[in-house]
file structure-v4.tsv (TSV, C-alpha atoms)
chain	number	residue	atom	x	y	z
A	18	MET	CA	16.77	161.05	99.47
A	19	PRO	CA	17.40	157.55	101.05
A	20	SER	CA	15.06	156.43	103.73
A	21	GLN	CA	16.06	155.57	107.29
A	22	LYS	CA	15.57	151.86	106.59
A	23	GLN	CA	17.98	151.97	103.67
A	24	LEU	CA	20.58	153.72	105.82
A	25	ARG	CA	20.33	151.07	108.53
A	26	TRP	CA	20.71	148.28	105.96
A	27	SER	CA	23.79	149.97	104.52
A	28	GLU	CA	25.30	150.31	107.99
A	29	LEU	CA	24.51	146.67	108.70
A	30	LYS	CA	26.24	145.54	105.49
A	31	VAL	CA	29.29	147.61	106.35
A	32	GLY	CA	29.38	146.06	109.84
A	33	ILE	CA	29.01	142.54	108.48
A	34	THR	CA	31.77	143.19	105.95
A	35	VAL	CA	34.09	144.51	108.64
A	36	LEU	CA	33.40	141.51	110.89
A	37	VAL	CA	34.03	139.02	108.07
A	38	ALA	CA	37.25	140.81	107.03
A	39	SER	CA	38.42	140.86	110.66
A	40	GLY	CA	37.76	137.14	110.98
A	41	VAL	CA	39.55	136.33	107.74
A	42	LEU	CA	42.47	138.53	108.81
A	43	ALA	CA	42.69	136.82	112.19
A	44	PHE	CA	42.58	133.43	110.54
A	45	LEU	CA	45.35	134.37	108.10
A	46	VAL	CA	47.50	135.80	110.90
A	47	PHE	CA	47.05	132.58	112.86
A	48	LEU	CA	48.04	130.49	109.86
A	49	MET	CA	51.09	132.66	109.14
A	50	SER	CA	52.30	132.65	112.75
A	51	GLY	CA	52.30	128.85	113.24
A	52	THR	CA	52.67	125.53	111.55
A	53	THR	CA	50.37	123.40	113.68
A	54	GLY	CA	47.15	124.39	111.99
A	55	MET	CA	43.85	125.29	113.57
A	56	PHE	CA	42.09	121.96	113.49
A	57	THR	CA	44.98	119.56	114.00
A	58	ARG	CA	45.35	117.66	117.26
A	59	LYS	CA	48.29	118.72	119.38
A	60	PHE	CA	50.02	117.80	122.61
A	61	THR	CA	52.04	119.98	124.98
A	62	LEU	CA	55.72	119.70	125.88
A	63	ILE	CA	57.64	121.84	128.36
A	64	THR	CA	61.35	122.54	128.64
A	65	TYR	CA	63.57	124.96	130.57
A	66	PHE	CA	66.59	126.99	129.43
A	67	ASP	CA	69.07	129.25	131.15
A	68	ASN	CA	68.60	131.86	128.40
A	69	ALA	CA	65.80	132.38	125.90
A	70	GLU	CA	68.28	133.48	123.17
A	71	GLY	CA	65.61	135.70	121.56
A	72	LEU	CA	62.95	132.97	121.51
A	73	ARG	CA	59.38	134.32	121.30
A	74	GLN	CA	55.84	133.02	121.18
A	75	GLY	CA	54.92	131.63	117.78
A	76	GLN	CA	58.46	130.58	116.81
A	77	PRO	CA	58.64	127.15	115.11
A	78	VAL	CA	59.57	123.87	116.75
A	79	ASP	CA	61.53	121.42	114.58
A	80	LEU	CA	62.21	117.72	115.00
A	81	GLN	CA	65.71	117.28	113.58
A	82	GLY	CA	65.07	120.02	111.02
A	83	VAL	CA	61.42	119.16	110.21
A	84	PRO	CA	58.72	121.64	111.41
A	85	VAL	CA	56.40	119.84	113.85
A	86	GLY	CA	54.92	122.60	116.05
A	87	ASN	CA	55.16	126.07	117.60
A	88	VAL	CA	56.18	127.81	120.79
A	89	THR	CA	53.05	128.91	122.67
A	90	MET	CA	54.60	130.57	125.71
A	91	VAL	CA	57.98	131.85	126.92
A	92	LYS	CA	58.25	133.07	130.50
A	93	VAL	CA	60.57	133.21	133.50
A	94	VAL	CA	59.68	131.07	136.53
A	95	PRO	CA	61.14	131.77	139.99
A	96	ASN	CA	61.62	128.22	141.30
A	97	ARG	CA	64.37	127.16	138.83
A	98	PRO	CA	67.45	129.36	139.37
A	99	LEU	CA	69.72	127.47	136.98
A	100	ALA	CA	67.21	127.30	134.11
A	101	PRO	CA	64.56	129.93	134.80
A	102	VAL	CA	63.17	130.28	131.25
A	103	GLN	CA	60.12	128.08	130.71
A	104	VAL	CA	59.15	127.29	127.14
A	105	VAL	CA	55.80	125.68	126.35
A	106	MET	CA	55.46	123.98	122.94
A	107	LYS	CA	52.52	122.60	120.99
A	108	ILE	CA	53.42	119.59	118.81
A	109	LYS	CA	51.29	117.83	116.23
A	110	THR	CA	50.07	114.49	117.49
A	111	ASP	CA	51.27	112.83	114.26
A	112	TRP	CA	54.86	113.40	115.40
A	113	GLN	CA	54.37	112.10	118.94
A	114	PRO	CA	55.82	108.58	118.23
A	115	PHE	CA	59.10	110.19	117.13
A	116	VAL	CA	59.62	112.19	120.31
A	117	HIS	CA	61.00	110.26	123.30
A	118	LYS	CA	61.22	111.10	126.96
A	119	ASP	CA	65.01	111.48	126.78
A	120	SER	CA	64.96	113.64	123.65
A	121	LYS	CA	66.73	116.96	123.98
A	122	ALA	CA	65.50	120.43	123.02
A	123	THR	CA	67.94	123.12	121.88
A	124	VAL	CA	67.50	126.81	121.06
A	125	LYS	CA	69.05	127.41	117.63
A	126	THR	CA	69.26	130.32	115.23
A	127	ALA	CA	68.30	130.23	111.57
A	128	GLY	CA	71.59	131.42	110.12
A	129	ILE	CA	73.83	134.02	111.75
A	130	LEU	CA	71.23	136.79	112.02
A	131	GLY	CA	68.06	134.67	111.72
A	132	GLU	CA	65.31	134.17	114.30
A	133	SER	CA	65.55	131.63	117.10
A	134	PHE	CA	63.63	128.35	117.13
A	135	ILE	CA	63.45	125.08	119.07
A	136	ASP	CA	65.07	121.97	117.62
A	137	ILE	CA	64.26	118.57	119.18
A	138	ASP	CA	66.91	115.87	118.75
A	139	SER	CA	65.78	112.24	119.14
A	140	ARG	CA	68.72	110.50	117.44
A	141	LYS	CA	70.22	109.15	120.68
A	142	ALA	CA	66.94	108.82	122.56
A	143	SER	CA	65.92	105.33	123.68
A	144	LYS	CA	63.20	105.79	126.30
A	145	GLY	CA	59.46	105.63	125.73
A	146	THR	CA	57.28	108.04	123.79
A	147	VAL	CA	56.35	111.34	125.42
A	148	VAL	CA	52.83	112.10	126.61
A	149	ASP	CA	50.99	115.37	126.92
A	150	GLY	CA	52.65	117.69	129.45
A	151	ASP	CA	56.05	115.92	129.62
A	152	GLU	CA	59.23	117.87	130.24
A	153	LEU	CA	62.10	117.54	127.79
A	154	GLN	CA	65.73	117.94	128.73
A	155	SER	CA	67.38	121.06	127.36
A	156	ASP	CA	70.70	121.20	125.63
A	157	SER	CA	72.79	124.33	125.17
A	158	ALA	CA	73.94	125.42	121.75
A	159	PRO	CA	76.64	128.03	121.17
A	160	GLY	CA	75.05	131.45	120.90
A	161	ILE	CA	76.22	134.50	119.04
A	162	ASP	CA	78.17	135.72	122.08
A	163	ASP	CA	79.98	132.39	122.35
A	164	VAL	CA	80.79	132.44	118.66
A	165	VAL	CA	82.11	135.99	118.95
A	166	ARG	CA	84.22	135.13	122.00
A	167	SER	CA	85.66	132.03	120.35
A	168	SER	CA	86.48	133.98	117.20
A	169	GLN	CA	88.32	136.79	119.00
A	170	GLY	CA	91.62	134.86	118.97
A	171	THR	CA	91.22	134.14	115.26
A	172	LEU	CA	90.44	137.78	114.57
A	173	GLN	CA	93.52	138.88	116.50
A	174	ASN	CA	95.70	136.44	114.55
A	175	MET	CA	94.19	137.70	111.31
A	176	ASP	CA	94.90	141.27	112.39
A	177	VAL	CA	98.56	140.40	113.05
A	178	LEU	CA	98.77	138.60	109.71
A	179	ILE	CA	97.25	141.56	107.86
A	180	ARG	CA	99.74	143.93	109.49
A	181	ARG	CA	102.63	141.70	108.45
A	182	LEU	CA	101.28	141.56	104.93
A	183	ASP	CA	101.03	145.35	104.91
A	184	ARG	CA	104.69	145.62	105.94
A	185	ILE	CA	105.73	143.10	103.28
A	186	VAL	CA	103.77	144.94	100.58
A	187	ALA	CA	105.27	148.25	101.69
A	188	SER	CA	108.78	146.75	101.53
A	189	VAL	CA	108.11	145.35	98.07
A	190	GLU	CA	106.75	148.69	96.85
A	191	SER	CA	109.84	150.47	98.17
A	192	GLY	CA	112.14	148.01	96.36
A	193	LYS	CA	113.47	146.25	99.46
A	194	GLY	CA	114.22	142.54	99.56
A	195	THR	CA	114.51	140.08	96.71
A	196	LEU	CA	110.89	140.39	95.58
A	197	GLY	CA	111.10	144.18	95.68
A	198	GLU	CA	114.24	144.15	93.55
A	199	VAL	CA	112.57	141.73	91.13
A	200	ILE	CA	109.60	144.05	90.72
A	201	ASN	CA	111.42	147.38	90.72
A	202	ASP	CA	114.79	146.59	89.06
A	203	PRO	CA	114.57	147.56	85.36
A	204	THR	CA	117.75	145.65	84.48
A	205	LEU	CA	116.16	142.42	85.66
A	206	ILE	CA	113.11	143.15	83.53
A	207	ASN	CA	115.40	143.71	80.55
A	208	LYS	CA	117.15	140.39	81.22
A	209	ILE	CA	113.80	138.61	81.43
A	210	ASN	CA	112.73	140.21	78.14
A	211	ALA	CA	116.01	139.11	76.55
A	212	VAL	CA	115.49	135.56	77.78
A	213	LEU	CA	111.93	135.58	76.46
A	214	ASN	CA	113.17	136.84	73.10
A	215	GLN	CA	115.72	134.02	72.96
A	216	VAL	CA	113.05	131.48	73.83
A	217	GLN	CA	110.80	132.94	71.16
A	218	GLY	CA	113.66	132.69	68.66
A	219	MET	CA	114.25	129.07	69.60
A	220	LEU	CA	110.56	128.32	69.15
A	221	ASN	CA	110.61	130.00	65.75
A	222	ASN	CA	113.64	127.93	64.72
A	223	VAL	CA	111.91	124.75	65.87
A	224	SER	CA	108.78	125.72	63.98
A	225	ASN	CA	110.87	126.35	60.84
A	226	GLY	CA	112.67	123.02	61.19
A	227	GLN	CA	116.04	124.52	62.08
A	228	GLY	CA	118.42	122.93	64.55
A	229	THR	CA	118.36	119.44	66.00
A	230	LEU	CA	115.07	119.93	67.80
A	231	GLY	CA	113.47	121.48	64.74
A	232	GLN	CA	114.56	118.56	62.59
A	233	LEU	CA	113.20	116.22	65.21
A	234	PHE	CA	109.78	117.78	64.76
A	235	THR	CA	109.81	118.41	61.01
A	236	ASP	CA	112.07	115.76	59.40
A	237	LYS	CA	109.92	113.02	57.92
A	238	THR	CA	112.87	110.64	57.54
A	239	LEU	CA	113.39	110.66	61.29
A	240	TYR	CA	109.71	109.85	61.72
A	241	ARG	CA	110.06	106.96	59.25
A	242	LYS	CA	113.11	105.63	61.12
A	243	LEU	CA	111.24	105.79	64.39
A	244	ASP	CA	108.29	104.08	62.79
A	245	GLU	CA	110.57	101.34	61.39
A	246	THR	CA	112.20	100.91	64.79
A	247	VAL	CA	108.81	100.53	66.44
A	248	ASP	CA	107.84	97.96	63.78
A	249	LYS	CA	111.03	96.00	64.44
A	250	LEU	CA	110.41	96.05	68.15
A	251	ASN	CA	106.87	94.83	67.56
A	252	LYS	CA	108.22	92.00	65.37
A	253	ILE	CA	110.74	91.03	68.05
A	254	ALA	CA	107.96	90.99	70.63
A	255	ASP	CA	105.76	88.87	68.35
A	256	ASP	CA	108.61	86.40	67.71
A	257	ALA	CA	109.32	86.16	71.42
A	258	GLN	CA	105.64	85.58	72.10
A	259	ALA	CA	105.59	82.88	69.43
A	260	GLY	CA	108.68	81.17	70.90
A	261	LYS	CA	111.03	82.08	68.07
A	262	GLY	CA	114.69	83.01	68.57
A	263	ASN	CA	116.74	82.81	71.75
A	264	LEU	CA	114.47	85.17	73.63
A	265	GLY	CA	111.39	83.27	72.52
A	266	LYS	CA	112.93	79.95	73.57
A	267	LEU	CA	113.87	81.47	76.89
A	268	LEU	CA	110.26	82.47	77.41
A	269	LYS	CA	108.50	79.46	75.85
A	270	ASP	CA	110.85	76.44	76.02
A	271	GLU	CA	109.66	74.22	78.87
A	272	SER	CA	112.84	72.11	78.78
A	273	LEU	CA	114.89	75.22	79.49
A	274	TYR	CA	112.61	75.96	82.38
A	275	SER	CA	113.02	72.37	83.62
A	276	ASN	CA	116.81	72.57	83.33
A	277	LEU	CA	116.81	75.89	85.14
A	278	ASN	CA	114.57	74.44	87.82
A	279	GLN	CA	116.88	71.41	88.18
A	280	SER	CA	119.92	73.69	88.42
A	281	VAL	CA	118.23	75.69	91.15
A	282	THR	CA	117.34	72.45	92.95
A	283	LYS	CA	120.93	71.19	92.74
A	284	ALA	CA	122.25	74.54	93.92
A	285	ASN	CA	119.86	74.43	96.87
A	286	LYS	CA	121.01	70.86	97.68
A	287	LEU	CA	124.66	71.93	97.44
A	288	LEU	CA	124.00	74.82	99.80
A	289	ASP	CA	122.20	72.47	102.18
A	290	ASP	CA	125.19	70.04	102.12
A	291	VAL	CA	127.62	72.89	102.72
A	292	ASN	CA	125.46	74.17	105.56
A	293	ALA	CA	125.35	70.64	107.00
A	294	GLY	CA	129.17	70.31	106.82
A	295	LYS	CA	129.20	67.68	104.07
A	296	GLY	CA	131.91	67.47	101.40
A	297	THR	CA	135.17	69.39	101.15
A	298	LEU	CA	133.49	72.78	101.01
A	299	GLY	CA	131.19	71.87	103.88
A	300	LYS	CA	134.15	70.71	106.01
A	301	LEU	CA	135.99	73.90	105.07
A	302	THR	CA	133.13	75.99	106.42
A	303	LYS	CA	132.16	73.77	109.38
A	304	ASP	CA	135.34	71.89	110.54
A	305	ASP	CA	136.85	73.78	113.47
A	306	ALA	CA	140.10	71.76	113.34
A	307	LEU	CA	140.61	72.70	109.69
A	308	ALA	CA	139.91	76.30	110.49
A	309	THR	CA	142.47	76.11	113.32
A	310	LYS	CA	145.11	74.58	111.01
A	311	LEU	CA	144.41	77.21	108.40
A	312	GLN	CA	144.77	79.91	111.03
A	313	ASP	CA	148.11	78.37	112.20
A	314	THR	CA	149.39	78.26	108.63
A	315	ILE	CA	148.45	81.89	108.13
A	316	ASN	CA	150.18	82.83	111.39
A	317	LYS	CA	153.38	80.96	110.34
A	318	LEU	CA	153.36	82.62	106.92
A	319	SER	CA	152.93	85.95	108.65
A	320	ALA	CA	155.90	85.18	110.96
A	321	ILE	CA	158.08	84.17	107.97
A	322	ALA	CA	157.11	87.38	106.18
A	323	ASP	CA	158.04	89.39	109.28
A	324	ARG	CA	161.48	87.63	109.44
A	325	LEU	CA	162.08	88.26	105.75
A	326	ASP	CA	161.16	91.88	106.22
A	327	ALA	CA	163.59	92.02	109.16
A	328	GLY	CA	166.42	90.51	107.04
A	329	GLU	CA	166.72	87.26	108.97
A	330	GLY	CA	167.83	84.02	107.31
A	331	SER	CA	169.32	83.49	103.86
A	332	VAL	CA	166.28	84.74	101.97
A	333	GLY	CA	165.98	87.65	104.35
A	334	MET	CA	169.61	88.56	103.84
A	335	LEU	CA	169.06	88.19	100.11
A	336	LEU	CA	166.27	90.73	100.38
A	337	LYS	CA	167.94	93.08	102.88
A	338	ASN	CA	171.78	92.65	102.59
A	339	PRO	CA	173.09	95.05	99.91
A	340	SER	CA	176.54	93.39	99.69
A	341	LEU	CA	174.94	90.05	98.80
A	342	TYR	CA	172.86	91.79	96.21
A	343	ASN	CA	175.95	93.51	94.81
A	344	ASN	CA	177.96	90.26	94.74
A	345	THR	CA	175.14	88.47	93.00
A	346	ASP	CA	174.81	91.27	90.52
A	347	GLN	CA	178.61	91.25	89.92
A	348	MET	CA	178.55	87.49	89.40
A	349	LEU	CA	175.77	87.84	86.84
A	350	VAL	CA	177.71	90.55	85.03
A	351	GLU	CA	180.86	88.41	84.91
A	352	THR	CA	178.86	85.38	83.77
A	353	ARG	CA	177.42	87.39	80.92
A	354	SER	CA	180.96	88.58	79.99
A	355	LEU	CA	182.25	84.98	80.02
A	356	ILE	CA	179.41	83.76	77.84
A	357	LYS	CA	180.04	86.60	75.43
A	358	ALA	CA	183.76	85.78	75.27
A	359	ILE	CA	183.03	82.10	74.64
A	360	ARG	CA	180.67	83.02	71.82
A	361	GLU	CA	183.31	85.28	70.27
A	362	ASN	CA	186.27	82.83	70.57
A	363	PRO	CA	185.01	79.36	71.36
A	364	LYS	CA	188.33	77.66	70.40
A	365	LYS	CA	190.11	79.45	73.18
A	366	TYR	CA	187.86	78.01	75.84
A	367	LEU	CA	186.57	74.80	74.27
A	368	THR	CA	189.85	73.31	72.86
A	369	ILE	CA	190.80	70.00	74.47
A	370	ARG	CA	194.46	69.15	74.62
A	371	PHE	CA	195.73	65.62	75.25
A	372	ARG	CA	199.25	64.96	76.45
A	373	ILE	CA	200.79	61.44	76.19
A	374	LEU	CA	203.42	60.73	78.73
call {"tool": "encode", "arguments": {"input": "structure-v4.tsv", "output": "structure tokens"}}
result
Amino acid sequence: MPSQKQLRWSELKVGITVLVASGVLAFLVFLMSGTTGMFTRKFTLITYFDNAEGLRQGQPVDLQGVPVGNVTMVKVVPNRPLAPVQVVMKIKTDWQPFVHKDSKATVKTAGILGESFIDIDSRKASKGTVVDGDELQSDSAPGIDDVVRSSQGTLQNMDVLIRRLDRIVASVESGKGTLGEVINDPTLINKINAVLNQVQGMLNNVSNGQGTLGQLFTDKTLYRKLDETVDKLNKIADDAQAGKGNLGKLLKDESLYSNLNQSVTKANKLLDDVNAGKGTLGKLTKDDALATKLQDTINKLSAIADRLDAGEGSVGMLLKNPSLYNNTDQMLVETRSLIKAIRENPKKYLTIRFRIL
């Protein structure tokens, strides 16, 4: 049977064990609930929000996405009606040079359903470094309610679109419309199968070397001709590159280039002279008097043509008077008859008689 001393020692060991386990548990809980550490130096920052957005004590504080501290207190203060939620943060002193007096603190959410945390943004900050107890400006971020409200219009549009799609699918299933007829009409399916069979037959013929297309793929002589043609083209290109033949001379002969350049120069000079009114062609394009004379001549020719068309004058009567035309035609007919008679009996018309008195 154990003595009273042994019992007290056992109770003391149990008590010491419980105390040590409680201390270790408290230490582990402290480490798990924060990122600042127990023995690191920290400084305090304060900010105010209009809504805590689910922020609680122990939530992390990030500096542009990097954990730098924890929230130590969240409470409502009465003397700030527009931003009554006071948030006290503990930040590691190592990060103090990166936080400025005009940095902004925002309550954000880790994902859609994640926990809230504080994010400090110093990208546009330019003032001095914060000190212990400074107040940071707060910036509002869209919360879940704002996201839901902004997405209501999109959800309504999606609902309308889904209903329209349901109606379209129902119409197609019932055989209405072009797509419904395409899906439900057996004759169209038969036509498609027939077309596919014909295509398959054509492919088989090509594979067997039948038809023009099949010969194109299977005839070796055609391949040889194409190969010879390509060789000839390559030879022509090589000759042209080497300056042989007319094409090669055209590409390589510098004298031809010089002559062409001189011709272009002369043509440019001729155009300049014409534009300056020099020479016959230049005067023709620039001389107003010549243009006036030419216009008068054209007008006179037009007047003469009008008179001829009206039957005025001898030529006009010749063109318009039918009796003159008939007489002329009769005279030509009689002249042809006389010439014919002379050819048939020249002695009758060409005999010369002399009479001596």
call {"tool": "closest_residue", "arguments": {"input": "structure-v4.tsv", "among": "A:Glu132, A:Glu152, A:Asp138, A:Glu245", "to": "Val104 in chain A", "atoms": "all atoms listed in the file"}}
result
A:Glu152
call {"tool": "residues_around", "arguments": {"input": "structure-v4.tsv", "residues": "range 302-305 of chain A", "least_positions_apart": "5", "cutoff": "10 Å", "atoms": "only C-alpha atoms", "output": "PyMOL selection string"}}
result
chain A and resi 291-297+310-311
call {"tool": "write_last_selection", "arguments": {"input": "structure-v4.tsv", "atoms": "C-alpha atoms", "output": "PDB file, keeping the file's coordinate frame"}}
result
ATOM      1  CA  VAL A 291     127.620  72.890 102.720  1.00  0.00           C
ATOM      2  CA  ASN A 292     125.460  74.170 105.560  1.00  0.00           C
ATOM      3  CA  ALA A 293     125.350  70.640 107.000  1.00  0.00           C
ATOM      4  CA  GLY A 294     129.170  70.310 106.820  1.00  0.00           C
ATOM      5  CA  LYS A 295     129.200  67.680 104.070  1.00  0.00           C
ATOM      6  CA  GLY A 296     131.910  67.470 101.400  1.00  0.00           C
ATOM      7  CA  THR A 297     135.170  69.390 101.150  1.00  0.00           C
ATOM      8  CA  LYS A 310     145.110  74.580 111.010  1.00  0.00           C
ATOM      9  CA  LEU A 311     144.410  77.210 108.400  1.00  0.00           C
TER      10      LEU A 311
END
call {"tool": "atom_distance", "arguments": {"input": "structure-v4.tsv", "atom1": "CA of Thr61 in chain A", "atom2": "CA of Ser155 in chain A"}}
result
15.6 Å
call {"tool": "atom_distance", "arguments": {"input": "structure-v4.tsv", "atom1": "CA of Thr238 in chain A", "atom2": "CA of Gly226 in chain A"}}
result
12.9 Å
call {"tool": "residues_near_point", "arguments": {"input": "structure-v4.tsv", "point": "(46.4, 118.3, 122.5)", "cutoff": "6 Å", "atoms": "only C-alpha atoms", "output": "CSV table (one decimal) with C-alpha atoms, in the frame of the given file"}}
result
chain,number,residue,atom,x,y,z
A,58,ARG,CA,45.4,117.7,117.3
A,59,LYS,CA,48.3,118.7,119.4
A,60,PHE,CA,50.0,117.8,122.6
call {"tool": "residues_around", "arguments": {"input": "structure-v4.tsv", "residues": "His117 in chain A", "least_positions_apart": "3", "cutoff": "6 Å", "atoms": "all atoms listed in the file", "output": "ChimeraX atom specification"}}
result
/A:120,144-147
call {"tool": "residues_around", "arguments": {"input": "structure-v4.tsv", "residues": "Lys109 in chain A", "least_positions_apart": "3", "cutoff": "9 Å", "atoms": "only C-alpha atoms", "output": "JSON, numbers by chain"}}
result
{"A": [53, 54, 57, 58, 59, 60, 85, 86, 112, 113]}
call {"tool": "atom_distance", "arguments": {"input": "structure-v4.tsv", "atom1": "CA of Ile33 in chain A", "atom2": "CA of Gly75 in chain A"}}
result
29.6 Å
call {"tool": "residues_near_point", "arguments": {"input": "structure-v4.tsv", "point": "(65.1, 117.3, 111.4)", "cutoff": "12 Å", "atoms": "all atoms listed in the file", "output": "count of residues only"}}
result
17
call {"tool": "build_atoms", "arguments": {"input": "structure-v4.tsv", "residues": "range 74-99 of chain A", "atoms": "N, CA and C atoms", "output": "PDB file, in the frame of the given file"}}
result
ATOM      1  N   GLN A  74      57.051 133.800 121.446  1.00  0.00           N
ATOM      2  CA  GLN A  74      55.840 133.020 121.180  1.00  0.00           C
ATOM      3  C   GLN A  74      55.564 132.989 119.681  1.00  0.00           C
ATOM      4  N   GLY A  75      55.215 131.800 119.191  1.00  0.00           N
ATOM      5  CA  GLY A  75      54.920 131.630 117.780  1.00  0.00           C
ATOM      6  C   GLY A  75      56.088 131.120 116.964  1.00  0.00           C
ATOM      7  N   GLN A  76      57.298 131.078 117.549  1.00  0.00           N
ATOM      8  CA  GLN A  76      58.460 130.580 116.810  1.00  0.00           C
ATOM      9  C   GLN A  76      58.295 129.079 116.555  1.00  0.00           C
ATOM     10  N   PRO A  77      58.850 128.564 115.474  1.00  0.00           N
ATOM     11  CA  PRO A  77      58.640 127.150 115.110  1.00  0.00           C
ATOM     12  C   PRO A  77      59.410 126.202 116.025  1.00  0.00           C
ATOM     13  N   VAL A  78      58.918 124.982 116.059  1.00  0.00           N
ATOM     14  CA  VAL A  78      59.570 123.870 116.750  1.00  0.00           C
ATOM     15  C   VAL A  78      59.855 122.802 115.698  1.00  0.00           C
ATOM     16  N   ASP A  79      61.128 122.404 115.572  1.00  0.00           N
ATOM     17  CA  ASP A  79      61.530 121.420 114.580  1.00  0.00           C
ATOM     18  C   ASP A  79      61.940 120.129 115.270  1.00  0.00           C
ATOM     19  N   LEU A  80      61.714 119.021 114.570  1.00  0.00           N
ATOM     20  CA  LEU A  80      62.210 117.720 115.000  1.00  0.00           C
ATOM     21  C   LEU A  80      63.292 117.310 114.013  1.00  0.00           C
ATOM     22  N   GLN A  81      64.559 117.562 114.434  1.00  0.00           N
ATOM     23  CA  GLN A  81      65.710 117.280 113.580  1.00  0.00           C
ATOM     24  C   GLN A  81      65.564 117.944 112.210  1.00  0.00           C
ATOM     25  N   GLY A  82      65.161 119.227 112.227  1.00  0.00           N
ATOM     26  CA  GLY A  82      65.070 120.020 111.020  1.00  0.00           C
ATOM     27  C   GLY A  82      63.728 120.030 110.349  1.00  0.00           C
ATOM     28  N   VAL A  83      62.748 119.230 110.820  1.00  0.00           N
ATOM     29  CA  VAL A  83      61.420 119.160 110.210  1.00  0.00           C
ATOM     30  C   VAL A  83      60.431 119.913 111.104  1.00  0.00           C
ATOM     31  N   PRO A  84      59.682 120.904 110.584  1.00  0.00           N
ATOM     32  CA  PRO A  84      58.720 121.640 111.410  1.00  0.00           C
ATOM     33  C   PRO A  84      57.613 120.710 111.925  1.00  0.00           C
ATOM     34  N   VAL A  85      57.418 120.715 113.250  1.00  0.00           N
ATOM     35  CA  VAL A  85      56.400 119.840 113.850  1.00  0.00           C
ATOM     36  C   VAL A  85      55.486 120.604 114.800  1.00  0.00           C
ATOM     37  N   GLY A  86      55.766 121.876 115.097  1.00  0.00           N
ATOM     38  CA  GLY A  86      54.920 122.600 116.050  1.00  0.00           C
ATOM     39  C   GLY A  86      55.381 124.032 116.215  1.00  0.00           C
ATOM     40  N   ASN A  87      54.844 124.674 117.320  1.00  0.00           N
ATOM     41  CA  ASN A  87      55.160 126.070 117.600  1.00  0.00           C
ATOM     42  C   ASN A  87      55.352 126.275 119.092  1.00  0.00           C
ATOM     43  N   VAL A  88      56.046 127.365 119.406  1.00  0.00           N
ATOM     44  CA  VAL A  88      56.180 127.810 120.790  1.00  0.00           C
ATOM     45  C   VAL A  88      54.937 128.609 121.167  1.00  0.00           C
ATOM     46  N   THR A  89      54.278 128.214 122.247  1.00  0.00           N
ATOM     47  CA  THR A  89      53.050 128.910 122.670  1.00  0.00           C
ATOM     48  C   THR A  89      53.277 129.859 123.829  1.00  0.00           C
ATOM     49  N   MET A  90      54.372 129.670 124.582  1.00  0.00           N
ATOM     50  CA  MET A  90      54.600 130.570 125.710  1.00  0.00           C
ATOM     51  C   MET A  90      56.067 130.530 126.105  1.00  0.00           C
ATOM     52  N   VAL A  91      56.616 131.698 126.403  1.00  0.00           N
ATOM     53  CA  VAL A  91      57.980 131.850 126.920  1.00  0.00           C
ATOM     54  C   VAL A  91      57.903 132.777 128.127  1.00  0.00           C
ATOM     55  N   LYS A  92      58.310 132.245 129.286  1.00  0.00           N
ATOM     56  CA  LYS A  92      58.250 133.070 130.500  1.00  0.00           C
ATOM     57  C   LYS A  92      59.352 132.634 131.465  1.00  0.00           C
ATOM     58  N   VAL A  93      59.573 133.476 132.470  1.00  0.00           N
ATOM     59  CA  VAL A  93      60.570 133.210 133.500  1.00  0.00           C
ATOM     60  C   VAL A  93      59.844 132.740 134.753  1.00  0.00           C
ATOM     61  N   VAL A  94      60.288 131.617 135.315  1.00  0.00           N
ATOM     62  CA  VAL A  94      59.680 131.070 136.530  1.00  0.00           C
ATOM     63  C   VAL A  94      60.684 131.230 137.677  1.00  0.00           C
ATOM     64  N   PRO A  95      60.225 131.452 138.894  1.00  0.00           N
ATOM     65  CA  PRO A  95      61.140 131.770 139.990  1.00  0.00           C
ATOM     66  C   PRO A  95      61.754 130.547 140.673  1.00  0.00           C
ATOM     67  N   ASN A  96      61.187 129.374 140.521  1.00  0.00           N
ATOM     68  CA  ASN A  96      61.620 128.220 141.300  1.00  0.00           C
ATOM     69  C   ASN A  96      62.717 127.388 140.623  1.00  0.00           C
ATOM     70  N   ARG A  97      63.282 127.883 139.516  1.00  0.00           N
ATOM     71  CA  ARG A  97      64.370 127.160 138.830  1.00  0.00           C
ATOM     72  C   ARG A  97      65.503 128.153 138.577  1.00  0.00           C
ATOM     73  N   PRO A  98      66.418 128.333 139.519  1.00  0.00           N
ATOM     74  CA  PRO A  98      67.450 129.360 139.370  1.00  0.00           C
ATOM     75  C   PRO A  98      68.454 129.069 138.263  1.00  0.00           C
ATOM     76  N   LEU A  99      68.735 127.795 138.009  1.00  0.00           N
ATOM     77  CA  LEU A  99      69.720 127.470 136.980  1.00  0.00           C
ATOM     78  C   LEU A  99      69.146 127.542 135.572  1.00  0.00           C
TER      79      LEU A  99
END
